[in-house]
Every structure is written in structure tokens, then in C-alpha cells.
>>> print(open('query.txt').read())   # compact mmCIF, C-alpha atoms and all ligand atoms
# COMPACT_ATOMS: atom_id res chain seq x y z
CA MET S 29 -11.99 188.67 -123.42
CA SER S 30 -10.44 188.86 -120.00
CA GLY S 31 -12.22 190.69 -117.25
CA GLN S 32 -15.28 188.50 -117.14
CA LYS S 33 -16.60 187.80 -113.70
CA SER S 34 -17.65 184.51 -112.28
CA GLY S 35 -21.28 184.01 -113.12
CA THR S 36 -21.26 185.40 -116.66
CA ASN S 37 -19.53 182.47 -118.30
CA LEU S 38 -21.19 179.53 -119.98
CA LEU S 39 -18.46 177.18 -118.88
CA GLU S 40 -16.19 178.08 -116.03
CA LEU S 41 -13.17 176.66 -114.23
CA ARG S 42 -13.15 178.05 -110.69
CA ILE S 43 -9.81 178.02 -108.96
CA ASP S 44 -9.86 178.57 -105.21
CA LEU S 45 -6.49 180.12 -104.45
CA ASP S 46 -7.24 180.10 -100.72
CA ALA S 47 -7.44 176.32 -100.95
CA VAL S 48 -4.08 176.22 -102.74
CA ALA S 49 -2.59 178.45 -100.04
CA ARG S 50 -4.06 176.31 -97.26
CA ASN S 51 -2.74 173.09 -98.78
CA THR S 52 0.68 174.66 -99.28
CA ARG S 53 0.89 175.88 -95.70
CA ALA S 54 -0.20 172.50 -94.36
CA LEU S 55 2.39 170.69 -96.47
CA LYS S 56 5.12 173.12 -95.55
CA GLU S 57 4.40 172.69 -91.85
CA SER S 58 4.23 168.93 -92.05
CA VAL S 59 7.52 168.50 -93.91
CA ASP S 60 9.56 170.98 -91.87
CA PRO S 61 12.59 171.14 -91.80
CA ALA S 62 12.58 169.85 -95.38
CA GLN S 63 12.09 172.51 -98.04
CA LEU S 64 9.06 172.56 -100.29
CA MET S 65 9.35 172.65 -104.06
CA ALA S 66 5.86 173.35 -105.40
CA VAL S 67 5.28 171.64 -108.73
CA VAL S 68 3.44 173.98 -111.09
CA LYS S 69 4.06 172.20 -114.38
CA ALA S 70 1.31 171.76 -116.96
CA ASP S 71 -0.04 175.21 -116.11
CA ALA S 72 -0.15 174.21 -112.45
CA TYR S 73 -2.16 171.11 -113.30
CA ASN S 74 -4.48 173.41 -115.23
CA HIS S 75 -5.01 175.71 -112.23
CA GLY S 76 -3.04 178.62 -113.76
CA ALA S 77 0.74 178.57 -113.34
CA VAL S 78 1.43 182.22 -112.62
CA GLU S 79 -1.37 182.76 -110.12
CA VAL S 80 -0.63 179.46 -108.39
CA ALA S 81 3.10 180.19 -108.31
CA ARG S 82 2.47 183.52 -106.57
CA THR S 83 0.05 181.87 -104.18
CA VAL S 84 2.30 178.98 -103.14
CA LEU S 85 5.32 181.23 -102.72
CA ALA S 86 3.32 183.57 -100.49
CA ALA S 87 2.18 180.51 -98.52
CA GLY S 88 5.72 179.35 -97.84
CA ALA S 89 6.92 177.26 -100.79
CA ASP S 90 10.69 177.56 -101.17
CA GLN S 91 11.03 176.76 -104.86
CA LEU S 92 9.01 175.94 -107.95
CA GLY S 93 9.25 172.92 -110.21
CA VAL S 94 8.13 172.71 -113.83
CA ALA S 95 8.58 170.31 -116.69
CA THR S 96 9.62 172.43 -119.66
CA LEU S 97 11.75 175.49 -120.32
CA ALA S 98 8.72 177.29 -121.75
CA GLU S 99 6.92 176.80 -118.45
CA ALA S 100 9.89 178.18 -116.54
CA HIS S 101 10.21 181.18 -118.88
CA GLN S 102 6.50 181.91 -118.44
CA LEU S 103 7.07 182.30 -114.70
CA ARG S 104 10.17 184.44 -115.17
CA ASP S 105 8.35 186.62 -117.72
CA ALA S 106 5.59 187.14 -115.17
CA GLY S 107 8.15 188.43 -112.69
CA VAL S 108 8.47 185.34 -110.51
CA THR S 109 12.00 185.42 -109.13
CA ALA S 110 12.01 182.35 -106.85
CA PRO S 111 14.16 179.37 -107.90
CA VAL S 112 12.47 177.44 -110.72
CA LEU S 113 13.71 174.00 -111.74
CA ALA S 114 12.87 172.57 -115.19
CA TRP S 115 13.37 168.86 -115.74
CA ILE S 116 12.20 168.18 -119.28
CA TRP S 117 14.35 169.86 -121.90
CA SER S 118 16.61 168.93 -124.74
CA PRO S 119 20.21 170.00 -125.40
CA GLU S 120 19.07 171.38 -128.78
CA GLN S 121 17.00 174.03 -127.03
CA ASP S 122 18.33 177.45 -126.07
CA VAL S 123 20.11 176.40 -122.89
CA ALA S 124 21.99 179.70 -122.65
CA ALA S 125 18.73 181.68 -122.64
CA ALA S 126 17.33 179.45 -119.90
CA LEU S 127 20.42 179.92 -117.75
CA ASP S 128 20.46 183.66 -118.41
CA ALA S 129 16.86 183.76 -117.18
CA GLY S 130 18.02 182.16 -113.94
CA ILE S 131 16.28 178.88 -114.59
CA ASP S 132 17.66 175.86 -112.75
CA LEU S 133 18.09 172.84 -115.00
CA ALA S 134 17.82 169.17 -114.21
CA VAL S 135 20.57 167.15 -115.85
CA ILE S 136 18.95 163.93 -117.00
CA SER S 137 21.69 162.42 -119.20
CA PRO S 138 25.39 162.93 -120.00
CA GLU S 139 24.33 164.92 -123.07
CA HIS S 140 22.39 167.30 -120.85
CA ALA S 141 25.43 167.72 -118.60
CA ARG S 142 27.57 168.50 -121.64
CA ALA S 143 25.05 171.09 -122.88
CA VAL S 144 25.03 172.89 -119.53
CA VAL S 145 28.82 172.93 -119.29
CA ASP S 146 29.22 174.04 -122.91
CA ALA S 147 26.81 176.94 -122.37
CA GLY S 148 29.74 178.50 -120.53
CA ARG S 149 27.78 180.66 -118.12
CA PRO S 150 26.68 180.44 -114.50
CA ALA S 151 24.36 177.49 -114.06
CA ARG S 152 22.49 175.92 -111.17
CA VAL S 153 21.72 172.28 -111.81
CA THR S 154 20.13 169.32 -110.12
CA VAL S 155 21.22 165.92 -111.36
CA LYS S 156 18.23 163.66 -111.90
CA VAL S 157 19.50 160.18 -111.25
CA GLU S 158 18.02 156.90 -112.43
CA THR S 159 17.02 154.87 -109.39
CA GLY S 160 14.65 152.33 -110.88
CA MET S 161 11.77 154.05 -112.65
CA HIS S 162 13.56 153.90 -116.00
CA ARG S 163 11.97 157.02 -117.40
CA SER S 164 14.47 159.85 -117.39
CA GLY S 165 17.56 160.25 -115.27
CA VAL S 166 21.31 159.61 -115.44
CA ASP S 167 22.04 155.88 -115.40
CA GLU S 168 24.23 154.57 -112.62
CA ALA S 169 26.94 153.70 -115.15
CA ASP S 170 27.18 157.42 -116.00
CA TRP S 171 26.96 158.86 -112.49
CA GLY S 172 30.74 159.17 -112.10
CA LYS S 173 31.23 160.75 -115.52
CA VAL S 174 28.41 163.27 -115.07
CA PHE S 175 29.28 164.20 -111.49
CA ALA S 176 32.92 164.77 -112.48
CA MET S 177 32.00 166.80 -115.58
CA LEU S 178 29.82 169.15 -113.52
CA ARG S 179 32.32 169.32 -110.65
CA ASP S 180 35.06 170.35 -113.04
CA ALA S 181 33.07 173.23 -114.54
CA PRO S 182 33.63 176.18 -112.16
CA GLN S 183 30.61 178.08 -113.48
CA VAL S 184 28.26 175.20 -112.60
CA THR S 185 26.70 174.76 -109.16
CA VAL S 186 25.14 171.39 -108.42
CA THR S 187 22.45 172.13 -105.86
CA GLY S 188 21.56 168.49 -105.31
CA LEU S 189 20.23 165.28 -106.75
CA MET S 190 16.68 164.31 -107.54
CA SER S 191 14.86 161.16 -108.58
CA HIS S 192 11.24 160.13 -108.95
CA LEU S 193 9.30 157.29 -107.34
CA ALA S 194 7.45 154.91 -109.66
CA CYS S 195 5.16 153.64 -106.88
CA GLY S 196 5.01 156.58 -104.50
CA ASP S 197 1.23 156.23 -104.22
CA VAL S 198 1.62 152.86 -102.49
CA ALA S 199 3.55 153.62 -99.32
CA GLY S 200 4.59 150.06 -98.60
CA ASP S 201 5.66 149.11 -102.10
CA ALA S 202 9.11 147.55 -102.09
CA GLN S 203 10.01 149.64 -105.15
CA ASN S 204 10.08 152.75 -102.94
CA ASN S 205 12.74 151.31 -100.64
CA LEU S 206 14.72 150.05 -103.60
CA GLN S 207 14.70 153.48 -105.23
CA ALA S 208 15.50 155.21 -101.95
CA SER S 209 18.51 153.02 -101.45
CA HIS S 210 19.76 153.73 -104.98
CA PHE S 211 19.17 157.42 -104.34
CA ARG S 212 21.24 157.32 -101.16
CA ALA S 213 23.98 155.54 -103.09
CA ALA S 214 23.94 158.30 -105.73
CA ILE S 215 24.24 161.00 -103.05
CA ALA S 216 27.14 159.17 -101.46
CA ARG S 217 28.84 158.78 -104.83
CA ALA S 218 28.44 162.47 -105.64
CA ARG S 219 29.91 163.44 -102.27
CA THR S 220 32.80 161.04 -102.70
CA LEU S 221 33.55 162.79 -105.97
CA GLY S 222 33.59 166.17 -104.28
CA LEU S 223 30.09 167.48 -104.91
CA GLU S 224 28.35 168.77 -101.80
CA VAL S 225 24.80 168.13 -103.11
CA PRO S 226 23.14 169.91 -100.16
CA VAL S 227 19.51 169.73 -101.27
CA ASN S 228 18.24 166.37 -102.52
CA HIS S 229 14.67 165.40 -103.28
CA LEU S 230 12.81 162.23 -104.15
CA THR S 231 9.15 162.41 -103.20
CA ASN S 232 6.08 163.62 -105.07
CA SER S 233 2.77 164.18 -103.24
CA PRO S 234 1.97 160.64 -102.11
CA GLY S 235 5.56 159.86 -101.18
CA THR S 236 5.77 163.13 -99.24
CA LEU S 237 2.60 162.36 -97.30
CA SER S 238 3.08 158.67 -96.62
CA ARG S 239 6.86 158.23 -96.44
CA PRO S 240 8.25 160.91 -94.12
CA ASP S 241 11.48 158.94 -93.98
CA LEU S 242 12.10 159.70 -97.66
CA ARG S 243 11.83 163.48 -97.58
CA PHE S 244 15.57 164.16 -97.68
CA GLU S 245 16.22 167.94 -97.77
CA MET S 246 13.29 168.86 -100.00
CA VAL S 247 9.97 167.44 -101.19
CA ARG S 248 8.39 167.94 -104.60
CA PRO S 249 4.59 167.73 -104.45
CA GLY S 250 2.22 168.85 -107.15
CA ALA S 251 -1.20 167.24 -106.84
CA ALA S 252 -1.47 167.74 -103.07
CA LEU S 253 -1.16 171.52 -103.52
CA TYR S 254 -4.33 171.38 -105.57
CA GLY S 255 -6.15 169.36 -102.92
CA LEU S 256 -6.01 166.03 -104.69
CA GLU S 257 -5.61 162.90 -102.58
CA THR S 258 -2.96 160.75 -104.21
CA VAL S 259 -2.20 158.00 -101.73
CA ALA S 260 -3.79 154.76 -102.93
CA GLY S 261 -6.60 153.25 -100.89
CA VAL S 262 -7.17 156.07 -98.38
CA PRO S 263 -10.32 158.19 -98.01
CA GLU S 264 -10.38 161.38 -100.04
CA ASP S 265 -10.12 163.53 -96.93
CA GLU S 266 -7.34 161.48 -95.32
CA HIS S 267 -4.81 164.29 -95.41
CA GLY S 268 -7.22 167.19 -94.98
CA LEU S 269 -6.44 168.64 -98.40
CA VAL S 270 -8.89 171.09 -99.90
CA PRO S 271 -9.68 170.65 -103.62
CA ALA S 272 -9.09 173.89 -105.48
CA MET S 273 -10.80 173.33 -108.85
CA SER S 274 -14.46 173.25 -109.88
CA TRP S 275 -15.74 172.88 -113.44
CA VAL S 276 -19.16 174.41 -113.84
CA GLY S 277 -21.44 174.87 -116.85
CA ARG S 278 -24.58 176.97 -117.12
CA ILE S 279 -27.56 175.01 -118.37
CA THR S 280 -28.68 176.31 -121.75
CA VAL S 281 -31.89 174.36 -122.36
CA VAL S 282 -34.38 172.26 -120.40
CA LYS S 283 -36.92 170.32 -122.46
CA PRO S 284 -39.41 167.51 -122.03
CA VAL S 285 -38.71 164.03 -123.34
CA ALA S 286 -41.27 161.24 -123.62
CA ALA S 287 -40.60 157.63 -122.67
CA GLY S 288 -38.86 155.96 -125.62
CA GLU S 289 -37.59 159.16 -127.19
CA GLY S 290 -33.84 159.51 -127.55
CA THR S 291 -31.29 162.28 -127.34
CA SER S 292 -28.08 163.35 -129.07
CA TYR S 293 -26.24 161.74 -131.99
CA GLY S 294 -27.07 158.15 -132.81
CA MET S 295 -29.98 157.94 -130.38
CA THR S 296 -27.74 155.84 -128.15
CA TRP S 297 -29.96 156.54 -125.12
CA ARG S 298 -33.73 156.59 -124.86
CA ALA S 299 -35.79 157.91 -121.98
CA PRO S 300 -37.00 155.14 -119.67
CA GLU S 301 -39.98 157.28 -118.70
CA ASP S 302 -41.46 160.69 -119.42
CA GLY S 303 -39.28 163.42 -118.02
CA TYR S 304 -36.93 166.29 -118.80
CA LEU S 305 -33.54 166.72 -120.35
CA ALA S 306 -31.07 169.53 -119.68
CA VAL S 307 -28.20 170.60 -121.90
CA VAL S 308 -24.80 171.44 -120.38
CA PRO S 309 -22.43 173.45 -122.61
CA ALA S 310 -19.35 171.27 -122.21
CA GLY S 311 -18.28 168.88 -124.93
CA TYR S 312 -15.22 167.08 -126.11
CA ALA S 313 -13.79 170.28 -127.58
CA ASP S 314 -13.85 171.58 -124.02
CA GLY S 315 -12.02 168.54 -122.70
CA LEU S 316 -14.98 166.37 -121.71
CA PRO S 317 -14.13 163.08 -123.41
CA ARG S 318 -16.70 161.48 -125.69
CA ALA S 319 -15.68 158.15 -124.15
CA TRP S 320 -17.06 159.24 -120.77
CA GLN S 321 -20.62 158.86 -122.12
CA GLY S 322 -23.01 157.45 -119.56
CA ARG S 323 -20.37 157.06 -116.86
CA PHE S 324 -20.78 160.25 -114.86
CA GLY S 325 -23.35 162.54 -113.36
CA VAL S 326 -23.67 166.30 -113.20
CA THR S 327 -24.90 168.09 -110.09
CA VAL S 328 -27.56 170.81 -110.29
CA ARG S 329 -29.13 172.43 -107.24
CA GLY S 330 -27.38 169.84 -105.08
CA ARG S 331 -28.71 166.78 -106.89
CA ALA S 332 -26.71 164.56 -109.26
CA TYR S 333 -28.28 163.69 -112.62
CA PRO S 334 -26.96 161.06 -115.03
CA GLN S 335 -25.31 162.15 -118.25
CA VAL S 336 -27.09 160.48 -121.16
CA GLY S 337 -26.47 159.98 -124.87
CA ARG S 338 -23.45 160.97 -126.89
CA VAL S 339 -21.13 163.66 -125.58
CA CYS S 340 -20.98 166.16 -128.46
CA MET S 341 -18.27 168.62 -129.44
CA ASP S 342 -19.84 171.54 -127.55
CA GLN S 343 -22.39 170.08 -125.16
CA HIS S 344 -23.81 167.06 -123.40
CA VAL S 345 -27.20 166.13 -122.03
CA ILE S 346 -28.36 165.08 -118.56
CA PHE S 347 -31.64 163.40 -117.63
CA LEU S 348 -33.59 165.19 -114.92
CA GLY S 349 -36.31 162.56 -114.45
CA ASP S 350 -39.45 164.46 -113.54
CA ASN S 351 -37.29 167.43 -112.59
CA PRO S 352 -38.16 167.45 -108.88
CA ASP S 353 -36.17 170.60 -108.15
CA GLY S 354 -37.37 172.60 -111.12
CA VAL S 355 -33.99 172.81 -112.83
CA ALA S 356 -34.08 175.70 -115.30
CA PRO S 357 -31.89 177.30 -117.97
CA GLY S 358 -29.17 179.37 -116.33
CA ASP S 359 -28.73 176.99 -113.42
CA GLU S 360 -25.22 175.95 -112.59
CA ALA S 361 -24.29 172.39 -113.52
CA VAL S 362 -21.25 171.16 -111.57
CA ILE S 363 -19.27 168.63 -113.57
CA PHE S 364 -16.84 168.28 -110.67
CA GLY S 365 -15.77 170.31 -107.70
CA ALA S 366 -17.53 172.39 -105.05
CA GLY S 367 -21.22 171.56 -104.96
CA GLY S 368 -20.76 168.38 -106.99
CA VAL S 369 -18.66 165.24 -107.11
CA SER S 370 -14.94 165.55 -106.46
CA ALA S 371 -12.37 165.17 -109.21
CA THR S 372 -11.28 162.03 -107.43
CA ARG S 373 -14.78 160.52 -107.46
CA LEU S 374 -15.29 161.48 -111.10
CA ALA S 375 -11.98 159.84 -111.94
CA GLU S 376 -13.17 156.61 -110.35
CA GLN S 377 -16.41 156.77 -112.33
CA VAL S 378 -14.74 157.25 -115.70
CA GLY S 379 -11.76 155.01 -115.11
CA THR S 380 -8.87 157.42 -114.75
CA ILE S 381 -7.01 159.36 -112.03
CA ASN S 382 -7.80 162.75 -110.51
CA TYR S 383 -4.64 164.18 -112.12
CA GLU S 384 -6.16 163.60 -115.54
CA VAL S 385 -9.57 164.94 -114.55
CA VAL S 386 -8.19 168.32 -113.47
CA SER S 387 -6.04 168.48 -116.60
CA ARG S 388 -9.08 168.07 -118.85
CA PRO S 389 -10.99 171.37 -118.84
CA THR S 390 -9.99 173.41 -121.86
CA GLY S 391 -11.59 174.79 -125.04
CA ARG S 392 -14.24 177.38 -124.29
CA THR S 393 -13.78 176.98 -120.53
CA ARG S 394 -13.03 180.28 -118.79
CA ARG S 395 -10.77 180.19 -115.80
CA VAL S 396 -11.83 182.33 -112.84
CA PHE S 397 -9.83 182.76 -109.65
CA VAL S 398 -11.49 183.08 -106.30
CA GLY S 399 -9.72 183.93 -103.05
CA GLY S 400 -6.03 184.61 -102.84
CA ALA S 401 -4.27 187.91 -102.90
CA ILE S 402 -4.56 188.37 -106.65
CA ASP S 403 -6.10 191.76 -107.35
CA ASP S 404 -9.41 192.00 -109.15
CA ALA S 405 -8.08 193.25 -112.47
CA ALA S 406 -5.87 190.22 -112.78
CA SER S 407 -8.26 187.80 -111.18
CA VAL S 408 -9.90 186.32 -114.16
CA THR S 409 -7.81 184.38 -116.53
CA ALA S 410 -4.43 182.87 -117.19
CA GLY S 411 -4.71 182.97 -120.96
CA GLU S 412 -4.83 186.26 -122.80
CA ASP S 413 -8.06 185.13 -124.41
CA GLY S 414 -9.37 184.01 -121.08
CA THR S 415 -9.49 180.32 -121.82
CA ALA S 416 -8.19 177.63 -119.52
CA GLY S 417 -4.66 176.43 -119.99
CA GLY S 418 -5.01 173.61 -122.44
CA ALA S 419 -6.60 175.83 -125.05
CA ARG S 420 -3.52 177.92 -125.56
C1 LIG S 501 9.71 164.74 -111.50
C2 LIG S 501 8.42 165.04 -110.83
N1 LIG S 501 8.41 165.47 -109.57
C3 LIG S 501 7.27 165.76 -108.92
C4 LIG S 501 6.05 165.61 -109.53
C5 LIG S 501 4.80 165.92 -108.75
O1 LIG S 501 4.02 164.77 -108.60
P1 LIG S 501 2.66 164.80 -107.77
O2 LIG S 501 1.72 165.62 -108.55
O3 LIG S 501 2.27 163.37 -107.69
O4 LIG S 501 2.95 165.38 -106.46
C6 LIG S 501 6.00 165.15 -110.83
C7 LIG S 501 4.71 164.95 -111.49
O5 LIG S 501 4.49 164.10 -112.28
C8 LIG S 501 7.21 164.86 -111.52
O6 LIG S 501 7.21 164.44 -112.78
>>> encode(input="query.txt", output="C-alpha cells", more="lines below")
Ligand SMILES: Cc1ncc(COP(=O)(O)O)c(C=O)c1O
Amino acid sequence: MSGQKSGTNLLELRIDLDAVARNTRALKESVDPAQLMAVVKADAYNHGAVEVARTVLAAGADQLGVATLAEAHQLRDAGVTAPVLAWIWSPEQDVAAALDAGIDLAVISPEHARAVVDAGRPARVTVKVETGMHRSGVDEADWGKVFAMLRDAPQVTVTGLMSHLACGDVAGDAQNNLQASHFRAAIARARTLGLEVPVNHLTNSPGTLSRPDLRFEMVRPGAALYGLETVAGVPEDEHGLVPAMSWVGRITVVKPVAAGEGTSYGMTWRAPEDGYLAVVPAGYADGLPRAWQGRFGVTVRGRAYPQVGRVCMDQHVIFLGDNPDGVAPGDEAVIFGAGGVSATRLAEQVGTINYEVVSRPTGRTRRVFVGGAIDDAASVTAGEDGTAGGAR
């Protein structure tokens, strides 16, 4: 199924790797001398982990960050040799195999520290410390115990500490300063106990962009690499990021509808006047939520048309009015991205965040890469069946 070119797919996820590279370079320059850990978890926010990893590393990223061990192994299996840190794992998993694959592990509890030490082989770890978000991280009461346990294991190298901001998207939120001060205390404690902890990191995308004072020795952005604005209350283009993802369907049917006639299951919408309907082949099985009904538009030939009626499993309908531009079957219908509304704007319309919007496309969606240094043979898909990430 792989090998399809852009333009032949019914439903396509276009990933602009040049945009990813540009965003990476801009971030790298702006945070210098701090290092850049590019977060490529969740299949690089559905942009394709392996292709994005290669792109960001070529554009200057120093390290990669993922959530799970499986994500880290995927990168190693693809031949990515740069440092990869995984921060969501459980001591019951095959820790030895992860370490043997050269995967850096975040220690998020005393049990995780014990598992790394007991694996009895060379290990590079980052201790994720609790600083106030209360999600995952070693509690202050356990800092001493964990730092000492890792210090006393000669095969273990602690590269640094990390933590995560709960309110990084609001630069002035007092929570950020509170967490930063706890983070500094954790670094001091580790050093007092004899750990060097040379490379520490706290900020995700919004924290990186809006709190330069909190960059420590490394920053850990994800969303910004993909061109998503994440700082609350600023214009979408505030930081000059270039969105990398577009979700595009190819219209299958255009048909007339008379005033008062309805469309789709339940006849939940009826035409206010005579006009035309068009069918877009993206439904909830492709990641377009049924609950978004009536809350978004789809752009065809540069004009946005309202989505109407129930979103079905495989398709949804848009109302073209009197079809002023002569929309026809085969035309591209941009759900979000280049030529349509941004993921950020769509998120506002449907009541979520741009992170969730880019994570949505799945099912029959085919991922296609444009730009970048990826050669043509490998330029089409991340999945072996050519589907976007969430389908695998
Ligand atoms: C621990 C950690 N660091 C960094 C990131 C990247 O965040 P963002 O995409 O906001 O830059 C995430 C994402 O949720 C995360 O969980």
C-alpha cells in the first residue's frame, strides 16, 4: 500500500518536513546555548516519528524525547542513534532490553530507580522530579533516597533532572515560578549528594518560548516543532512557527439539495435554501469526531463551507450554497492546514486544543511527506500499510 503519491489518496495527511526543519532551526537558534530535546512522542504528534526524528536531528536537535519504550525502540530499530529519552514506562517492562538498545530512561519513582539499578548494566537516566504538577515524578520526600541509590550504582549515569510545567502556556502564572524554585532545589539537593546532573530541563514549547529564564541546560519542546502556537492568548503567528500538517479529503460526490430537504443520519440538518451538498470522505473512523457536527467548516477552492448533518463513520457532508465556485468531485477539501483553517483555529471552533486536532487523523488517512531530505521511495508513509499513526 505504500508508494502512493500525493494526489491519489481519498484522504491524506500532508506533512511538510521543511516546516518541521525550519521550526527546529529557529528554536535551536533562539535557545542557544541550551540544548534542544525534540519531543517526538505519539508518533511525533501524528506527523510520523521516524521521518520527523531524522528531520529534527538534521536541523540541529541534540536529543529526542518520547513517552514509551515502544516509541524509543521504534526509533532505534529505524537506525536513529541520537540520545532518546523515554519517560513513561513501568518496572515490569523489559528494562534490560531498553538499556541494551541505548535508550535513556526517566526515573519517575523509587521503584523505577530500583528497576534501573537492578538491571545491572550501563544505564543513562534522567530523574524526573515532582515540582508541583502531581502527575509523575519522584516526590521530594524520596529525592534523597533515589539520588543516593543511583549515585551508588557505578553502572548508572545520571545525566540530569527533568520536571514538567503544569501552566507553561501562561507565562506569568505563579505556578511556573513555584515549580522552577522546586526544580532548582532538586538540582541543588542532587549536587549536594554528589550527582553532577549537568543537563537539566523543565520547559515544553510554551515555557521554552515565553520563559527564557527557565531553559536551564536543555529545553523539551514538542508542539512548536510542528508549528503549533502554544502560548495562551497570543496570535497564531506570534513566534513565526510554520504549521507542518494538513488534512485533506477528495470530494466524492456533489449533489443538489432543495430547501427543506435534509442530509445524513437522523435528518438533523435541513437545507435553508436550494443549493448543493458535497461529500468529504472523512468520518469518525478516520478520527473526525461525531461530536464536531456543525461546528467546523471545510475549505474547497479557497472558500470555507459549513459542515452539516451527522458526521458518519466514513464521511461527512458540507453545504455549498449555490456552489459559486463550481466545486466538483475530485476537488480537494481541506479539513485543516495549508489552504484551509489552521489546526489552532479548528481547535477553537470545536472546543479543544491544537495538540488534539493534529493527533486526530487516523483510520483510512494516508500520510504523505513533502519536503525534507527523505528520499522518494521512503517518502510516503510511516505505517507499513500506509495509514497515519493512530491506525496502527
Ligand atoms: C514530559 C514532557 N515534556 C515535554 C513535552 C512537550 O510538550 P509540548 O508539546 O507542549 O512542547 C511533553 C508533552 O506533553 C511532556 O509530556
>>> residues_around(input="query.txt", residues="S:Ala218", least_positions_apart="3", cutoff="9 Å", atoms="all atoms listed in the file", output="list of chain:residue names")
S:Trp171, S:Gly172, S:Phe175, S:Ala176, S:Leu189, S:Ala213, S:Ala214, S:Ile215, S:Leu221, S:Gly222, S:Leu223, S:Glu224, S:Val225
>>> residues_around(input="query.txt", residues="S:Val112", least_positions_apart="2", cutoff="9 Å", atoms="all atoms listed in the file", output="list of chain:residue names")
S:Met65, S:Gln91, S:Leu92, S:Gly93, S:Val94, S:Ala100, S:Leu103, S:Arg104, S:Val108, S:Thr109, S:Ala110, S:Ala114, S:Gly130, S:Ile131, S:Asp132, S:Leu133
>>> residues_near_ligand(input="query.txt", ligand="ligand LIG 501 (chain S)", cutoff="7 Å", atoms="only C-alpha atoms and all ligand atoms", output="list in words")
Val67, Trp115, Ser191, His192, Thr231, Asn232, Ser233, Pro234, Arg248, Pro249, Gly250, Ala251, Ala252 and Thr258 of chain S
>>> closest_residue(input="query.txt", among="S:Arg152, S:Lys69, S:Arg331, S:Lys56", to="S:Val135", atoms="all atoms listed in the file")
S:Arg152
>>> atom_distance(input="query.txt", atom1="atom CA of S:Arg42", atom2="atom CA of S:Leu374")
16.7 Å
>>> residues_around(input="query.txt", residues="S:Ala313", least_positions_apart="3", cutoff="7 Å", atoms="all atoms listed in the file", output="NGL selection string")
:S and (341-342 or 391)
>>> residues_around(input="query.txt", residues="stretch 260-265 of chain S", least_positions_apart="5", cutoff="9 Å", atoms="only C-alpha atoms", output="list of chain:residue names")
S:Asp197, S:Val198, S:Ala199, S:Pro234, S:Val270, S:Ser370, S:Thr372, S:Arg373
